[in-house]
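Enquirer: I have a structure I would like to understand better, so I am pasting it below and will then ask my questions one at a time.
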Amino acid sequence: IPDGVVKVVGHTDAKGTDQYNLKLSKSRAQSVAEFLVKHGVEQSRLSPEGRGENDPIAKNEVHGKDNPDGRQKNRRVEFILPD
């Protein structure tokens with residue numbers, strides 16, 4: 001990533017197929033990037049990407065049972081700032 005570029009990284013929970021979740025996470029990141037561009041951020045300063053369900057911050061299941069709170073936390077967009 002070039003200097004000064006912010007990564008806009010989309011994530012999903014574990015519901016659905018890996019392929020679907022990757023597409024959804026890319027779409028989620030792209031939507032946020034488009035919002036920022038509409039509000040004055042230069043498109044060249046943003047790098048949207050999707051990671052699907054690969055980087056959860058909470059458990060999607062606990063003891064084999066659905067964990068709605070954890071899944072909700074995993075559906076997110078993160079900004080990774082340049083060094």
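Every chain in the structure tokens takes a letter, A first, then B, and so on in the order presented; its residues are numbered from 1, and the ligands are numbered from 1 following the presented order.
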Would you give me, as JSON lines, each residue of segment 40-81 of chain A having an atom within 7 Å of an atom of segment 6-23 of chain A, along with its shortest atom pair and that distance in Å to one decimal, using only C-alpha atoms and sorting by chain and residue number?
Expert:
{"residue": "A:Arg45", "atom": "CA", "partner": "A:Val6", "partner_atom": "CA", "distance": 6.1}
{"residue": "A:Leu46", "atom": "CA", "partner": "A:Val6", "partner_atom": "CA", "distance": 5.0}
{"residue": "A:Ser47", "atom": "CA", "partner": "A:Lys7", "partner_atom": "CA", "distance": 4.7}
{"residue": "A:Pro48", "atom": "CA", "partner": "A:Val8", "partner_atom": "CA", "distance": 4.5}
{"residue": "A:Glu49", "atom": "CA", "partner": "A:Val9", "partner_atom": "CA", "distance": 5.0}
{"residue": "A:Gly50", "atom": "CA", "partner": "A:Gly10", "partner_atom": "CA", "distance": 4.7}
{"residue": "A:Arg51", "atom": "CA", "partner": "A:His11", "partner_atom": "CA", "distance": 5.6}
{"residue": "A:Gly52", "atom": "CA", "partner": "A:Leu22", "partner_atom": "CA", "distance": 4.0}
{"residue": "A:Glu53", "atom": "CA", "partner": "A:Thr12", "partner_atom": "CA", "distance": 5.0}
{"residue": "A:Asn60", "atom": "CA", "partner": "A:Ala14", "partner_atom": "CA", "distance": 6.4}
{"residue": "A:Arg71", "atom": "CA", "partner": "A:Asp13", "partner_atom": "CA", "distance": 5.0}
{"residue": "A:Asn74", "atom": "CA", "partner": "A:Asp13", "partner_atom": "CA", "distance": 5.1}
{"residue": "A:Arg75", "atom": "CA", "partner": "A:Thr12", "partner_atom": "CA", "distance": 4.4}
{"residue": "A:Arg76", "atom": "CA", "partner": "A:His11", "partner_atom": "CA", "distance": 5.3}
{"residue": "A:Val77", "atom": "CA", "partner": "A:Gly10", "partner_atom": "CA", "distance": 4.4}
{"residue": "A:Glu78", "atom": "CA", "partner": "A:Val9", "partner_atom": "CA", "distance": 5.1}
{"residue": "A:Phe79", "atom": "CA", "partner": "A:Val8", "partner_atom": "CA", "distance": 4.9}
{"residue": "A:Ile80", "atom": "CA", "partner": "A:Lys7", "partner_atom": "CA", "distance": 4.9}
{"residue": "A:Leu81", "atom": "CA", "partner": "A:Val6", "partner_atom": "CA", "distance": 5.0}
Enquirer: Enumerate, as a ChimeraX atom specification, the complete set of residues in chain A that a backbone-based DSSP assignment places in helix (DSSP H, G or I).
Expert: /A:18-38,43-45,68-74
Enquirer: Keeping N, CA, C and O atoms, export the residues of the selection given above as a short mmCIF file (atom, residue, chain, number, x, y, z; two decimals), in the first residue's frame.
Expert:
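Done, and the output landed in again.cif:
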data_model
loop_
_atom_site.label_atom_id
_atom_site.label_comp_id
_atom_site.auth_asym_id
_atom_site.auth_seq_id
_atom_site.Cartn_x
_atom_site.Cartn_y
_atom_site.Cartn_z
N ASP A 18 -17.93 -19.47 2.50
CA ASP A 18 -16.71 -18.64 2.46
C ASP A 18 -16.76 -17.68 1.27
O ASP A 18 -16.41 -16.51 1.41
N GLN A 19 -17.18 -18.19 0.12
CA GLN A 19 -17.24 -17.38 -1.10
C GLN A 19 -18.23 -16.22 -0.94
O GLN A 19 -17.93 -15.08 -1.27
N TYR A 20 -19.40 -16.50 -0.40
CA TYR A 20 -20.40 -15.46 -0.17
C TYR A 20 -19.88 -14.40 0.81
O TYR A 20 -20.03 -13.21 0.59
N ASN A 21 -19.28 -14.86 1.91
CA ASN A 21 -18.79 -13.93 2.92
C ASN A 21 -17.65 -13.06 2.40
O ASN A 21 -17.55 -11.89 2.75
N LEU A 22 -16.79 -13.61 1.56
CA LEU A 22 -15.71 -12.81 0.98
C LEU A 22 -16.30 -11.71 0.10
O LEU A 22 -15.91 -10.55 0.19
N LYS A 23 -17.27 -12.08 -0.73
CA LYS A 23 -17.93 -11.10 -1.59
C LYS A 23 -18.64 -10.03 -0.76
O LYS A 23 -18.54 -8.83 -1.04
N LEU A 24 -19.34 -10.46 0.30
CA LEU A 24 -20.05 -9.53 1.17
C LEU A 24 -19.08 -8.57 1.87
O LEU A 24 -19.33 -7.37 1.94
N SER A 25 -17.97 -9.08 2.35
CA SER A 25 -17.01 -8.23 3.04
C SER A 25 -16.37 -7.21 2.09
O SER A 25 -16.13 -6.06 2.47
N LYS A 26 -16.12 -7.62 0.85
CA LYS A 26 -15.59 -6.68 -0.15
C LYS A 26 -16.61 -5.59 -0.44
O LYS A 26 -16.27 -4.41 -0.54
N SER A 27 -17.86 -5.98 -0.57
CA SER A 27 -18.93 -5.02 -0.82
C SER A 27 -19.09 -4.05 0.35
O SER A 27 -19.29 -2.85 0.17
N ARG A 28 -18.99 -4.57 1.55
CA ARG A 28 -19.09 -3.74 2.76
C ARG A 28 -17.98 -2.69 2.79
O ARG A 28 -18.22 -1.51 3.04
N ALA A 29 -16.75 -3.11 2.51
CA ALA A 29 -15.62 -2.18 2.50
C ALA A 29 -15.77 -1.15 1.38
O ALA A 29 -15.50 0.04 1.57
N GLN A 30 -16.23 -1.60 0.22
CA GLN A 30 -16.41 -0.69 -0.91
C GLN A 30 -17.48 0.35 -0.61
O GLN A 30 -17.32 1.52 -0.95
N SER A 31 -18.55 -0.05 0.05
CA SER A 31 -19.62 0.89 0.41
C SER A 31 -19.11 1.98 1.34
O SER A 31 -19.44 3.16 1.18
N VAL A 32 -18.29 1.60 2.31
CA VAL A 32 -17.73 2.59 3.24
C VAL A 32 -16.79 3.52 2.49
O VAL A 32 -16.82 4.74 2.68
N ALA A 33 -15.95 2.97 1.61
CA ALA A 33 -15.04 3.81 0.83
C ALA A 33 -15.82 4.79 -0.05
O ALA A 33 -15.47 5.99 -0.13
N GLU A 34 -16.89 4.34 -0.68
CA GLU A 34 -17.71 5.22 -1.51
C GLU A 34 -18.35 6.33 -0.68
O GLU A 34 -18.42 7.48 -1.11
N PHE A 35 -18.79 6.01 0.52
CA PHE A 35 -19.35 7.03 1.42
C PHE A 35 -18.31 8.09 1.73
O PHE A 35 -18.59 9.29 1.68
N LEU A 36 -17.09 7.65 2.04
CA LEU A 36 -16.03 8.61 2.37
C LEU A 36 -15.68 9.49 1.18
O LEU A 36 -15.45 10.70 1.34
N VAL A 37 -15.65 8.91 -0.02
CA VAL A 37 -15.36 9.69 -1.23
C VAL A 37 -16.45 10.74 -1.44
O VAL A 37 -16.16 11.89 -1.75
N LYS A 38 -17.71 10.35 -1.25
CA LYS A 38 -18.82 11.30 -1.40
C LYS A 38 -18.72 12.45 -0.40
O LYS A 38 -19.29 13.52 -0.62
N GLN A 43 -10.36 9.38 -3.48
CA GLN A 43 -10.44 7.94 -3.70
C GLN A 43 -9.05 7.29 -3.67
O GLN A 43 -8.89 6.17 -3.20
N SER A 44 -8.05 8.01 -4.16
CA SER A 44 -6.69 7.46 -4.19
C SER A 44 -6.10 7.26 -2.80
O SER A 44 -5.08 6.60 -2.65
N ARG A 45 -6.75 7.81 -1.77
CA ARG A 45 -6.27 7.66 -0.39
C ARG A 45 -6.86 6.44 0.31
O ARG A 45 -6.56 6.17 1.47
N PRO A 68 -25.11 -14.85 18.81
CA PRO A 68 -25.52 -13.65 18.07
C PRO A 68 -24.69 -12.41 18.40
O PRO A 68 -24.36 -11.63 17.50
N ASP A 69 -24.33 -12.23 19.66
CA ASP A 69 -23.53 -11.05 20.04
C ASP A 69 -22.16 -11.10 19.38
O ASP A 69 -21.65 -10.09 18.89
N GLY A 70 -21.56 -12.27 19.38
CA GLY A 70 -20.25 -12.42 18.74
C GLY A 70 -20.33 -12.22 17.24
O GLY A 70 -19.48 -11.55 16.64
N ARG A 71 -21.36 -12.79 16.62
CA ARG A 71 -21.53 -12.61 15.17
C ARG A 71 -21.70 -11.14 14.83
O ARG A 71 -21.14 -10.66 13.84
N GLN A 72 -22.46 -10.42 15.64
CA GLN A 72 -22.68 -9.00 15.39
C GLN A 72 -21.36 -8.22 15.44
O GLN A 72 -21.11 -7.36 14.60
N LYS A 73 -20.51 -8.54 16.38
CA LYS A 73 -19.20 -7.87 16.49
C LYS A 73 -18.32 -8.16 15.29
O LYS A 73 -17.48 -7.34 14.91
N ASN A 74 -18.48 -9.32 14.69
CA ASN A 74 -17.65 -9.71 13.55
C ASN A 74 -18.07 -9.03 12.25
O ASN A 74 -17.28 -8.95 11.32
#
Enquirer: Write out as a ChimeraX atom specification the set of residues from chain A that DSSP, computed on the backbone, places in strand (DSSP E).
Expert: /A:6-10,46-50,61-62,65-66,77-80
Enquirer: Rounded to one decimal place, report the atom CA of Gly4 of chain A-atom CA of Glu42 of chain A distance in Å.
Expert: 11.0 Å
Enquirer: One number please: atom CA of Pro56 of chain A to atom CA of Val41 of chain A, in Å, one decimal.
Expert: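 So the answer is 27.8 Å.
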